[in-house]
$ cat structure-v3.txt   # compact mmCIF, C-alpha atoms
# COMPACT_ATOMS: atom_id res chain seq x y z
CA MET H 829 97.96 -76.96 21.21
CA ASP H 830 101.17 -77.35 19.19
CA ASP H 831 100.40 -74.47 16.78
CA VAL H 832 100.20 -71.79 19.49
CA SER H 833 102.70 -69.02 18.75
CA THR H 834 104.36 -66.47 20.98
CA GLN H 835 102.07 -63.91 19.34
CA ASP H 836 99.03 -65.91 20.49
CA VAL H 837 100.31 -66.01 24.05
CA ALA H 838 101.06 -62.29 23.96
CA ALA H 839 97.52 -61.58 22.75
CA TRP H 840 96.00 -63.70 25.52
CA ARG H 841 98.20 -61.98 28.10
CA ALA H 842 97.04 -58.61 26.78
CA GLY H 843 93.45 -59.83 27.16
CA LEU H 844 94.11 -60.69 30.79
CA ASP H 845 95.60 -57.22 31.28
CA GLU H 846 92.43 -55.71 29.83
CA LEU H 847 90.25 -57.67 32.24
CA PHE H 848 92.37 -56.72 35.21
CA ASP H 849 92.25 -53.06 34.20
CA ARG H 850 88.48 -53.36 34.65
CA LEU H 851 88.89 -54.96 38.07
CA ALA H 852 91.74 -52.85 39.44
CA GLY H 853 89.50 -50.02 40.60
CA CYS H 854 87.70 -52.44 42.94
CA PHE H 855 90.85 -52.70 45.05
CA GLY H 856 91.69 -49.45 46.81
CA ARG H 857 95.29 -50.16 47.82
CA VAL H 858 98.28 -51.04 45.66
CA GLU H 859 98.97 -54.09 47.81
CA SER H 860 95.41 -55.36 47.37
CA ARG H 861 95.65 -54.90 43.61
CA ARG H 862 98.91 -56.83 43.56
CA TRP H 863 97.41 -59.75 45.46
CA ALA H 864 94.24 -59.61 43.36
CA ARG H 865 96.34 -60.01 40.22
CA ALA H 866 98.25 -62.86 41.85
CA TYR H 867 95.02 -64.54 42.92
CA LEU H 868 93.50 -64.25 39.45
CA THR H 869 96.68 -65.50 37.79
CA GLY H 870 96.89 -68.41 40.22
CA LEU H 871 93.31 -69.44 39.47
CA LEU H 872 94.28 -69.61 35.79
CA ALA H 873 97.55 -71.44 36.45
CA PRO H 874 97.88 -75.20 35.70
CA VAL H 875 98.01 -76.24 39.35
CA GLU H 876 96.08 -79.21 40.70
CA ARG H 877 94.30 -77.47 43.59
CA LYS H 878 93.67 -73.72 43.74
CA ASN H 879 94.13 -73.55 47.53
CA GLY H 880 96.13 -71.00 49.50
CA TRP H 881 99.46 -72.80 49.29
CA GLN H 882 99.28 -73.52 45.57
CA LEU H 883 97.99 -70.06 44.68
CA ALA H 884 100.85 -68.59 46.72
CA GLU H 885 103.35 -70.83 44.95
CA ALA H 886 101.96 -69.78 41.55
CA ALA H 887 102.41 -66.15 42.65
CA GLY H 888 106.01 -66.77 43.69
CA ALA H 889 105.31 -66.26 47.40
CA ASP H 890 107.07 -68.28 50.11
CA ASP H 891 103.89 -68.94 52.08
CA PRO H 892 100.13 -68.37 51.73
CA THR H 893 99.92 -65.49 54.25
CA GLY H 894 99.39 -62.81 51.60
CA ILE H 895 96.85 -64.85 49.67
CA GLN H 896 94.93 -65.68 52.84
CA HIS H 897 94.91 -62.07 53.97
CA PHE H 898 93.63 -60.97 50.54
CA VAL H 899 90.62 -63.27 50.61
CA ASP H 900 89.93 -63.15 54.36
CA ARG H 901 90.67 -59.70 55.72
CA SER H 902 91.76 -57.10 53.16
CA ARG H 903 89.29 -54.32 52.29
CA TRP H 904 87.55 -54.76 48.94
CA ASP H 905 84.01 -55.31 47.72
CA ALA H 906 83.26 -58.62 45.99
CA ASP H 907 80.03 -57.18 44.58
CA ALA H 908 81.98 -54.46 42.77
CA VAL H 909 84.16 -57.16 41.20
CA ARG H 910 81.01 -59.09 40.25
CA ASP H 911 79.62 -56.00 38.53
CA ALA H 912 82.85 -55.54 36.58
CA VAL H 913 82.85 -59.20 35.51
CA ARG H 914 79.23 -58.96 34.40
CA SER H 915 80.03 -55.85 32.33
CA TYR H 916 83.06 -57.57 30.79
CA VAL H 917 81.02 -60.61 29.75
CA ALA H 918 78.12 -58.50 28.47
CA GLN H 919 80.37 -56.32 26.34
CA ALA H 920 81.96 -59.39 24.73
CA LEU H 921 78.98 -61.75 24.41
CA ALA H 922 75.66 -59.98 24.90
CA GLY H 923 73.06 -59.71 22.15
CA PRO H 924 69.34 -60.19 21.50
CA GLN H 925 69.76 -64.00 21.39
CA GLY H 926 71.45 -64.04 24.80
CA VAL H 927 69.94 -66.20 27.53
CA LEU H 928 70.09 -65.71 31.31
CA VAL H 929 70.36 -69.19 32.83
CA VAL H 930 69.70 -69.89 36.51
CA ASP H 931 70.83 -72.96 38.45
CA GLU H 932 72.51 -74.01 41.66
CA THR H 933 75.54 -76.15 42.34
CA GLY H 934 76.66 -77.90 45.51
CA PHE H 935 79.94 -77.62 47.39
CA VAL H 936 80.43 -80.70 49.58
CA LYS H 937 81.99 -79.83 52.95
CA LYS H 938 82.98 -81.55 56.19
CA GLY H 939 81.79 -80.33 59.58
CA ARG H 940 79.27 -77.60 60.33
CA LEU H 941 81.35 -74.39 60.37
CA SER H 942 81.35 -73.48 56.67
CA VAL H 943 78.73 -70.78 56.13
CA GLY H 944 75.39 -72.17 54.91
CA VAL H 945 76.41 -75.79 55.23
CA GLN H 946 73.91 -78.45 56.24
CA ARG H 947 72.71 -81.83 55.03
CA GLN H 948 70.68 -81.01 51.93
CA TYR H 949 70.13 -82.30 48.44
CA SER H 950 72.92 -81.49 46.02
CA GLY H 951 72.26 -81.97 42.33
CA THR H 952 76.02 -81.96 41.85
CA ALA H 953 76.37 -85.07 44.02
CA GLY H 954 72.95 -86.46 43.06
CA ARG H 955 72.05 -87.13 46.70
CA VAL H 956 71.70 -85.55 50.14
CA GLU H 957 75.11 -84.38 51.32
CA ASN H 958 76.65 -82.11 53.92
CA CYS H 959 77.14 -79.18 51.59
CA GLN H 960 76.73 -75.54 50.71
CA LEU H 961 74.50 -74.52 47.80
CA GLY H 962 75.37 -71.62 45.56
CA VAL H 963 72.75 -70.20 43.18
CA PHE H 964 74.31 -68.81 39.99
CA LEU H 965 73.32 -66.79 36.94
CA ALA H 966 75.06 -67.50 33.65
CA TYR H 967 74.93 -65.60 30.38
CA ALA H 968 74.72 -67.90 27.33
CA ALA H 969 75.15 -66.60 23.79
CA PRO H 970 75.83 -68.35 20.48
CA GLN H 971 79.54 -67.47 20.74
CA GLY H 972 80.11 -68.31 24.41
CA ARG H 973 78.85 -68.53 27.97
CA ALA H 974 80.06 -67.42 31.41
CA LEU H 975 78.90 -67.03 35.01
CA ILE H 976 77.91 -63.44 35.86
CA ASP H 977 76.36 -63.56 39.35
CA ARG H 978 76.15 -65.72 42.48
CA GLU H 979 74.34 -65.99 45.80
CA LEU H 980 74.87 -68.36 48.73
CA TYR H 981 71.70 -70.12 49.90
CA LEU H 982 71.16 -69.88 53.66
CA PRO H 983 68.94 -72.64 55.11
CA ARG H 984 66.63 -72.03 58.06
CA SER H 985 69.01 -73.92 60.37
CA TRP H 986 71.36 -70.95 59.91
CA ILE H 987 68.84 -68.11 59.86
CA ASP H 988 67.36 -69.33 63.17
CA ASP H 989 70.79 -69.40 64.89
CA PRO H 990 72.04 -65.80 65.36
CA HIS H 991 75.20 -66.89 67.21
CA ARG H 992 76.19 -69.22 64.38
CA CYS H 993 75.48 -66.49 61.83
CA ALA H 994 77.63 -64.01 63.74
CA GLN H 995 80.52 -66.46 63.92
CA ALA H 996 80.34 -66.97 60.14
CA GLY H 997 80.28 -63.22 59.48
CA ILE H 998 76.80 -63.18 57.94
CA PRO H 999 75.66 -59.52 57.82
CA ASP H 1000 72.81 -58.65 60.18
CA GLU H 1001 70.78 -57.21 57.30
CA ARG H 1002 71.03 -60.50 55.43
CA ARG H 1003 69.88 -62.54 58.40
CA ALA H 1004 67.02 -60.08 58.94
CA GLN H 1005 65.71 -60.98 55.48
CA GLY H 1006 65.02 -64.53 56.69
CA VAL H 1007 65.18 -67.57 54.44
CA LEU H 1008 65.42 -66.47 50.83
CA THR H 1009 64.44 -69.39 48.65
CA LYS H 1010 66.41 -70.19 45.52
CA PRO H 1011 63.81 -68.56 43.23
CA ARG H 1012 64.02 -65.34 45.28
CA LEU H 1013 67.82 -65.38 44.97
CA ALA H 1014 67.44 -65.96 41.23
CA GLU H 1015 65.08 -63.00 40.94
CA ALA H 1016 67.62 -60.75 42.68
CA MET H 1017 70.36 -61.76 40.23
CA ILE H 1018 68.16 -61.42 37.13
CA GLY H 1019 66.98 -58.03 38.40
CA ARG H 1020 70.57 -56.84 38.83
CA ALA H 1021 71.50 -57.95 35.31
CA LEU H 1022 68.52 -56.21 33.73
CA GLU H 1023 69.03 -53.03 35.77
CA ALA H 1024 72.67 -53.00 34.63
CA GLY H 1025 71.48 -53.00 31.02
CA VAL H 1026 72.61 -56.52 30.11
CA GLN H 1027 70.96 -57.37 26.78
CA ALA H 1028 69.18 -60.71 26.96
CA GLY H 1029 66.23 -62.21 25.17
CA TRP H 1030 65.31 -65.02 27.56
CA VAL H 1031 65.44 -66.50 31.05
CA VAL H 1032 65.85 -70.27 31.38
CA ALA H 1033 65.66 -72.41 34.52
CA ASP H 1034 64.93 -75.93 35.70
CA SER H 1035 61.89 -77.09 37.66
CA ALA H 1036 63.17 -75.84 41.03
CA TYR H 1037 62.45 -72.36 39.67
CA GLY H 1038 59.88 -73.10 36.97
CA ARG H 1039 57.31 -74.53 39.37
CA ASP H 1040 57.42 -71.32 41.42
CA GLY H 1041 54.56 -69.10 40.28
CA ARG H 1042 56.16 -66.01 41.83
CA PHE H 1043 59.28 -66.55 39.76
CA ARG H 1044 57.31 -66.78 36.54
CA ALA H 1045 55.26 -63.71 37.52
CA PHE H 1046 58.51 -61.82 38.23
CA CYS H 1047 59.69 -62.44 34.66
CA GLU H 1048 56.31 -61.66 33.12
CA ALA H 1049 56.05 -58.35 34.98
CA ARG H 1050 59.31 -57.34 33.30
CA ARG H 1051 58.16 -58.66 29.89
CA MET H 1052 61.10 -61.05 30.09
CA PRO H 1053 60.48 -64.15 27.93
CA TYR H 1054 61.21 -67.44 29.66
CA VAL H 1055 61.33 -71.19 29.14
CA VAL H 1056 61.24 -73.02 32.48
CA GLU H 1057 61.03 -76.73 33.16
CA VAL H 1058 58.16 -77.86 35.39
CA PRO H 1059 57.40 -81.17 37.15
CA VAL H 1060 54.98 -83.68 35.71
CA LYS H 1061 52.34 -82.73 38.31
CA GLN H 1062 52.41 -79.04 37.38
CA THR H 1063 48.94 -77.71 36.55
CA VAL H 1064 47.97 -74.94 34.15
CA ALA H 1065 44.73 -73.00 33.72
CA ASP H 1066 42.27 -74.32 31.13
CA LEU H 1067 38.78 -73.11 30.27
CA ASP H 1068 37.06 -75.31 32.86
CA GLY H 1069 39.66 -75.50 35.60
CA ARG H 1070 43.29 -76.55 35.94
CA ARG H 1071 44.90 -79.54 34.27
CA ARG H 1072 48.19 -81.35 34.73
CA VAL H 1073 50.75 -80.79 32.01
CA ASP H 1074 51.16 -84.52 31.40
CA THR H 1075 47.41 -84.81 30.87
CA LEU H 1076 47.45 -82.10 28.22
CA ILE H 1077 50.53 -83.48 26.50
CA GLY H 1078 49.02 -86.97 26.58
CA ARG H 1079 46.21 -85.67 24.36
CA ALA H 1080 48.54 -84.21 21.75
CA PRO H 1081 47.74 -85.57 18.28
CA ALA H 1082 50.52 -87.39 16.45
CA GLU H 1083 50.93 -84.51 14.01
CA ALA H 1084 51.68 -82.14 16.93
CA TRP H 1085 55.06 -83.81 17.47
CA HIS H 1086 58.04 -82.52 15.46
CA ARG H 1087 61.64 -83.74 15.49
CA VAL H 1088 63.96 -80.79 16.12
CA SER H 1089 67.56 -80.40 17.33
CA ALA H 1090 68.11 -78.47 20.55
CA GLY H 1091 71.67 -77.70 19.48
CA GLU H 1092 75.07 -79.30 19.62
CA GLY H 1093 76.04 -81.31 22.69
CA VAL H 1094 79.16 -83.17 23.71
CA ARG H 1095 77.86 -86.23 21.82
CA GLY H 1096 76.57 -84.39 18.77
CA GLU H 1097 73.18 -82.94 17.91
CA ARG H 1098 70.61 -83.19 20.70
CA VAL H 1099 67.60 -84.32 18.71
CA TYR H 1100 64.20 -84.81 20.38
CA ASP H 1101 60.53 -84.90 19.47
CA TRP H 1102 58.72 -81.74 20.54
CA ALA H 1103 55.05 -80.84 21.00
CA TRP H 1104 54.11 -77.20 21.49
CA ALA H 1105 50.73 -75.78 22.42
CA THR H 1106 49.30 -72.33 23.07
CA LEU H 1107 47.61 -72.12 26.46
CA PRO H 1108 44.28 -70.31 26.76
CA ALA H 1109 44.46 -66.77 28.08
CA VAL H 1110 42.36 -67.60 31.15
CA GLU H 1111 44.74 -65.50 33.24
CA GLU H 1112 45.72 -62.05 31.95
CA VAL H 1113 48.62 -62.06 29.47
CA PRO H 1114 50.53 -58.89 28.50
CA ALA H 1115 49.64 -57.56 25.04
CA GLY H 1116 51.66 -59.20 22.29
CA PHE H 1117 52.76 -62.11 24.53
CA VAL H 1118 51.51 -65.66 24.85
CA ARG H 1119 51.95 -68.52 27.31
CA THR H 1120 52.76 -71.89 25.78
CA LEU H 1121 53.36 -75.45 26.93
CA LEU H 1122 56.29 -77.34 25.43
CA ALA H 1123 57.12 -81.04 25.78
CA ARG H 1124 60.43 -82.73 24.94
CA ARG H 1125 60.22 -86.47 24.22
CA SER H 1126 63.18 -88.82 23.88
CA VAL H 1127 63.53 -90.36 20.43
CA ASP H 1128 64.78 -93.63 21.98
CA ASP H 1129 62.34 -93.79 24.91
CA PRO H 1130 58.92 -92.19 24.22
CA THR H 1131 58.02 -92.44 27.92
CA ASP H 1132 60.86 -90.03 28.78
CA ILE H 1133 59.15 -86.63 28.55
CA ALA H 1134 60.15 -83.27 30.01
CA TYR H 1135 57.68 -80.38 30.33
CA TYR H 1136 58.23 -76.62 29.99
CA LEU H 1137 56.12 -73.54 30.56
CA CYS H 1138 56.98 -70.69 28.21
CA PHE H 1139 56.21 -66.98 27.96
CA HIS H 1140 57.23 -65.04 24.87
CA PRO H 1141 56.09 -62.81 22.01
CA ASP H 1142 53.38 -64.52 19.98
CA SER H 1143 55.37 -64.12 16.77
CA LEU H 1144 58.12 -66.60 17.71
CA GLY H 1145 58.44 -70.00 16.07
CA ARG H 1146 59.13 -73.47 17.43
CA GLU H 1147 62.83 -73.57 16.47
CA GLU H 1148 63.61 -70.45 18.50
CA VAL H 1149 61.91 -71.79 21.63
CA VAL H 1150 63.66 -75.15 21.25
CA ARG H 1151 66.99 -73.31 20.84
CA VAL H 1152 66.38 -71.61 24.16
CA VAL H 1153 65.70 -74.96 25.86
CA GLY H 1154 69.09 -76.11 24.58
CA ALA H 1155 70.76 -73.10 26.19
CA ARG H 1156 69.80 -74.49 29.61
CA TRP H 1157 72.80 -76.86 29.52
CA ALA H 1158 75.22 -73.95 29.15
CA ILE H 1159 75.32 -73.35 32.90
CA GLU H 1160 76.27 -76.98 33.56
CA GLU H 1161 79.19 -76.48 31.19
CA CYS H 1162 80.09 -73.29 33.07
CA PHE H 1163 80.09 -75.13 36.40
CA GLN H 1164 82.26 -77.92 35.05
CA ALA H 1165 84.74 -75.55 33.44
CA ALA H 1166 84.90 -73.19 36.43
CA LYS H 1167 85.46 -76.07 38.84
CA ASN H 1168 88.00 -77.86 36.65
CA GLU H 1169 89.85 -74.85 35.26
CA THR H 1170 89.55 -71.95 37.72
CA GLY H 1171 89.03 -73.55 41.12
CA LEU H 1172 85.42 -72.53 41.76
CA ASP H 1173 85.11 -75.30 44.38
CA HIS H 1174 88.71 -75.38 45.63
CA TYR H 1175 88.30 -72.84 48.39
CA GLN H 1176 89.19 -73.42 52.05
CA VAL H 1177 87.30 -70.46 53.52
CA ARG H 1178 84.44 -70.80 55.98
CA LYS H 1179 82.96 -67.32 56.39
CA TRP H 1180 80.43 -65.29 54.41
CA GLU H 1181 82.60 -62.59 52.84
CA PRO H 1182 85.56 -64.83 51.94
CA TRP H 1183 83.15 -67.25 50.22
CA TYR H 1184 81.84 -64.45 48.00
CA ARG H 1185 85.36 -63.21 47.35
CA HIS H 1186 86.77 -66.55 46.21
CA ILE H 1187 83.71 -67.44 44.14
CA THR H 1188 83.75 -64.03 42.43
CA MET H 1189 87.46 -64.21 41.58
CA ALA H 1190 86.96 -67.72 40.19
CA MET H 1191 84.08 -66.35 38.08
CA ALA H 1192 86.40 -63.61 36.79
CA ALA H 1193 89.01 -66.18 35.78
CA HIS H 1194 86.35 -68.32 34.08
CA ALA H 1195 84.97 -65.25 32.28
CA PHE H 1196 88.43 -64.50 30.90
CA LEU H 1197 88.71 -68.02 29.49
CA ALA H 1198 85.20 -67.88 28.03
CA VAL H 1199 85.61 -64.47 26.41
CA THR H 1200 89.07 -65.34 25.07
CA ALA H 1201 87.70 -68.56 23.56
CA ALA H 1202 84.84 -66.62 21.95
CA MET H 1203 87.23 -64.13 20.35
CA ASP H 1204 90.10 -66.39 19.30
CA PRO H 1205 89.67 -69.63 17.28
CA LYS H 1206 92.84 -71.15 18.71
CA ALA H 1207 91.78 -70.43 22.26
CA HIS H 1208 88.33 -71.79 21.44
CA ALA H 1209 89.86 -75.08 20.28
CA GLY H 1210 91.70 -75.44 23.56
CA TRP H 1211 88.61 -74.51 25.56
CA VAL H 1212 86.49 -77.15 23.80
CA ALA H 1213 89.19 -79.78 24.27
CA SER H 1214 89.09 -79.14 27.96
CA GLN H 1215 85.49 -79.23 28.35
CA SER H 1216 39.82 -86.39 26.47
CA PRO H 1217 37.66 -83.63 28.00
CA ARG H 1218 37.59 -80.58 25.75
CA SER H 1219 40.67 -78.42 26.18
CA ALA H 1220 41.37 -74.95 24.88
CA VAL H 1221 45.09 -75.50 24.28
CA SER H 1222 46.01 -74.96 20.62
CA TRP H 1223 48.73 -77.18 19.19
CA ARG H 1224 51.26 -75.22 17.18
$ encode --input "structure-v3.txt" --output "structure tokens"
Amino acid sequence: MDDVSTQDVAAWRAGLDELFDRLAGCFGRVESRRWARAYLTGLLAPVERKNGWQLAEAAGADDPTGIQHFVDRSRWDADAVRDAVRSYVAQALAGPQGVLVVDETGFVKKGRLSVGVQRQYSGTAGRVENCQLGVFLAYAAPQGRALIDRELYLPRSWIDDPHRCAQAGIPDERRAQGVLTKPRLAEAMIGRALEAGVQAGWVVADSAYGRDGRFRAFCEARRMPYVVEVPVKQTVADLDGRRRVDTLIGRAPAEAWHRVSAGEGVRGERVYDWAWATLPAVEEVPAGFVRTLLARRSVDDPTDIAYYLCFHPDSLGREEVVRVVGARWAIEECFQAAKNETGLDHYQVRKWEPWYRHITMAMAAHAFLAVTAAMDPKAHAGWVASQSPRSAVSWR
């Protein structure tokens, strides 16, 4: 950006100082705080790979010993840093329109020593790969979005191998919990955000979470509105049994479909045709709330339809629910930016605690960029540049 002034740079540096003031108390020793600042600054530096050597070079160190000790062996709590990052993002971005977005991303790895690694499907790669899977929670608001929590998924091949878990530094109490599925990890992160007082109006997730009845019940028990994608074979309760969502949507009258934008995307407005129906209250619904079924149909290919189950106050209109669907893509943008800009996937650690430490510091760096972009138009410009049986459903 050619019009960036020294005053702009000074303001951004002051913003970084403000963030680190929040984080400093998480590091008990002066030396740890010094390396934490160096690590954070290195993750923000314009270096190709945010590995030990390049982070050390960005910090002015002769070798990566200090950086490696900071992430591997020094005494500090990554969860305390996570809490500080979440508070920082919430203070800057949170509001009643805020959306908590859940998704996972894959980290492709070689060998079998990296904690949690196995051959499993990675949406990042679009195929089965030897990889780790991290489940993340993002906060998306009209003015910006950032990652605020993370959990590493542990497959059964790890949980059933105590020796392997011990070698990777997995805490005994975590292994004792057994296999925690991705929806259970998501519930833990959403619960932490709500208990911390983060203001949010919605939860959004894809079908890996939406098809899980326990996940939806978790949100409903907390009166937390949601819009979750579900697979085509998902069934919902009707007056005389259960029906597939595609069956119900297939019966939608022509006038039930409305063309609405789900918000701005990288290629302009994301315009789709939408059908929205109220589901019958066969199963108990909290007072003032309603369950609805939403379908998104491609304008160019009418056979391309996505399905969503929704839970929200009955007073809401179609445009608000569609807006929330559009917020789902925010976490993909967070992943891309955090990997490209702050080295989310550049780590060379193999054990449990170092994984959480690197990921959390990369989230802190990404949060700084996101909050700075939300507050400063010039920074925002640079950020963008970088990145028919009878049915009781009632059509709305």
$ atom_distance --input "structure-v3.txt" --atom1 "CA of Val945 in chain H" --atom2 "CA of Gly880 in chain H"
21.1 Å
$ closest_residue --input "structure-v3.txt" --among "H:Leu1144, H:Ala1123, H:Ala1049, H:Leu975" --to "Thr1188 in chain H" --atoms "only C-alpha atoms"
H:Leu975
$ residues_around --input "structure-v3.txt" --residues "range 1007-1012 of chain H" --least-positions-apart "3" --cutoff "6 Å" --atoms "only C-alpha atoms" --output "short mmCIF file (atom, residue, chain, number, x, y, z; two decimals) with C-alpha atoms, in the frame of the given file"
data_model
loop_
_atom_site.label_atom_id
_atom_site.label_comp_id
_atom_site.auth_asym_id
_atom_site.auth_seq_id
_atom_site.Cartn_x
_atom_site.Cartn_y
_atom_site.Cartn_z
CA ARG H 984 66.63 -72.03 58.06
CA GLU H 1015 65.08 -63.00 40.94
CA TYR H 1037 62.45 -72.36 39.67
#
$ closest_residue --input "structure-v3.txt" --among "H:Arg992, H:Tyr1135, H:Val956, H:Ile1018" --to "Lys1061 in chain H" --atoms "all atoms listed in the file"
H:Tyr1135
$ residues_around --input "structure-v3.txt" --residues "Arg1124 in chain H" --least-positions-apart "4" --cutoff "9 Å" --atoms "only C-alpha atoms" --output "ChimeraX atom specification"
/H:1100-1103,1132-1136
$ decode --input "structure-v3.txt" --residues "range 1145-1161 of chain H" --atoms "N, CA and C atoms" --output "PDB file, in the first residue's frame"
ATOM      1  N   GLY H1145     -36.838 -13.027  10.317  1.00  0.00           N
ATOM      2  CA  GLY H1145     -37.214 -13.121   8.916  1.00  0.00           C
ATOM      3  C   GLY H1145     -36.182 -13.863   8.088  1.00  0.00           C
ATOM      4  N   ARG H1146     -36.551 -14.132   6.847  1.00  0.00           N
ATOM      5  CA  ARG H1146     -35.721 -14.915   5.929  1.00  0.00           C
ATOM      6  C   ARG H1146     -34.331 -14.300   5.728  1.00  0.00           C
ATOM      7  N   GLU H1147     -34.274 -12.978   5.531  1.00  0.00           N
ATOM      8  CA  GLU H1147     -32.990 -12.347   5.211  1.00  0.00           C
ATOM      9  C   GLU H1147     -31.968 -12.541   6.317  1.00  0.00           C
ATOM     10  N   GLU H1148     -32.435 -12.508   7.579  1.00  0.00           N
ATOM     11  CA  GLU H1148     -31.505 -12.702   8.692  1.00  0.00           C
ATOM     12  C   GLU H1148     -30.959 -14.123   8.701  1.00  0.00           C
ATOM     13  N   VAL H1149     -31.804 -15.116   8.473  1.00  0.00           N
ATOM     14  CA  VAL H1149     -31.345 -16.502   8.471  1.00  0.00           C
ATOM     15  C   VAL H1149     -30.389 -16.742   7.304  1.00  0.00           C
ATOM     16  N   VAL H1150     -30.694 -16.188   6.147  1.00  0.00           N
ATOM     17  CA  VAL H1150     -29.802 -16.324   4.994  1.00  0.00           C
ATOM     18  C   VAL H1150     -28.464 -15.641   5.272  1.00  0.00           C
ATOM     19  N   ARG H1151     -28.491 -14.487   5.946  1.00  0.00           N
ATOM     20  CA  ARG H1151     -27.237 -13.815   6.310  1.00  0.00           C
ATOM     21  C   ARG H1151     -26.357 -14.732   7.143  1.00  0.00           C
ATOM     22  N   VAL H1152     -26.988 -15.445   8.063  1.00  0.00           N
ATOM     23  CA  VAL H1152     -26.228 -16.331   8.942  1.00  0.00           C
ATOM     24  C   VAL H1152     -25.605 -17.473   8.140  1.00  0.00           C
ATOM     25  N   VAL H1153     -26.342 -18.014   7.164  1.00  0.00           N
ATOM     26  CA  VAL H1153     -25.757 -19.048   6.300  1.00  0.00           C
ATOM     27  C   VAL H1153     -24.490 -18.509   5.643  1.00  0.00           C
ATOM     28  N   GLY H1154     -24.547 -17.267   5.162  1.00  0.00           N
ATOM     29  CA  GLY H1154     -23.387 -16.675   4.511  1.00  0.00           C
ATOM     30  C   GLY H1154     -22.188 -16.536   5.421  1.00  0.00           C
ATOM     31  N   ALA H1155     -22.440 -16.419   6.739  1.00  0.00           N
ATOM     32  CA  ALA H1155     -21.331 -16.288   7.686  1.00  0.00           C
ATOM     33  C   ALA H1155     -20.523 -17.570   7.806  1.00  0.00           C
ATOM     34  N   ARG H1156     -21.079 -18.687   7.359  1.00  0.00           N
ATOM     35  CA  ARG H1156     -20.378 -19.975   7.429  1.00  0.00           C
ATOM     36  C   ARG H1156     -19.028 -19.925   6.721  1.00  0.00           C
ATOM     37  N   TRP H1157     -18.932 -19.171   5.629  1.00  0.00           N
ATOM     38  CA  TRP H1157     -17.679 -19.120   4.860  1.00  0.00           C
ATOM     39  C   TRP H1157     -16.587 -18.327   5.568  1.00  0.00           C
ATOM     40  N   ALA H1158     -16.941 -17.600   6.611  1.00  0.00           N
ATOM     41  CA  ALA H1158     -15.949 -16.785   7.300  1.00  0.00           C
ATOM     42  C   ALA H1158     -14.803 -17.623   7.849  1.00  0.00           C
ATOM     43  N   ILE H1159     -15.106 -18.828   8.338  1.00  0.00           N
ATOM     44  CA  ILE H1159     -14.041 -19.628   8.933  1.00  0.00           C
ATOM     45  C   ILE H1159     -13.076 -20.141   7.874  1.00  0.00           C
ATOM     46  N   GLU H1160     -13.570 -20.388   6.656  1.00  0.00           N
ATOM     47  CA  GLU H1160     -12.666 -20.774   5.570  1.00  0.00           C
ATOM     48  C   GLU H1160     -11.694 -19.641   5.272  1.00  0.00           C
ATOM     49  N   GLU H1161     -12.212 -18.405   5.311  1.00  0.00           N
ATOM     50  CA  GLU H1161     -11.343 -17.250   5.094  1.00  0.00           C
ATOM     51  C   GLU H1161     -10.329 -17.124   6.226  1.00  0.00           C
TER      52      GLU H1161
END
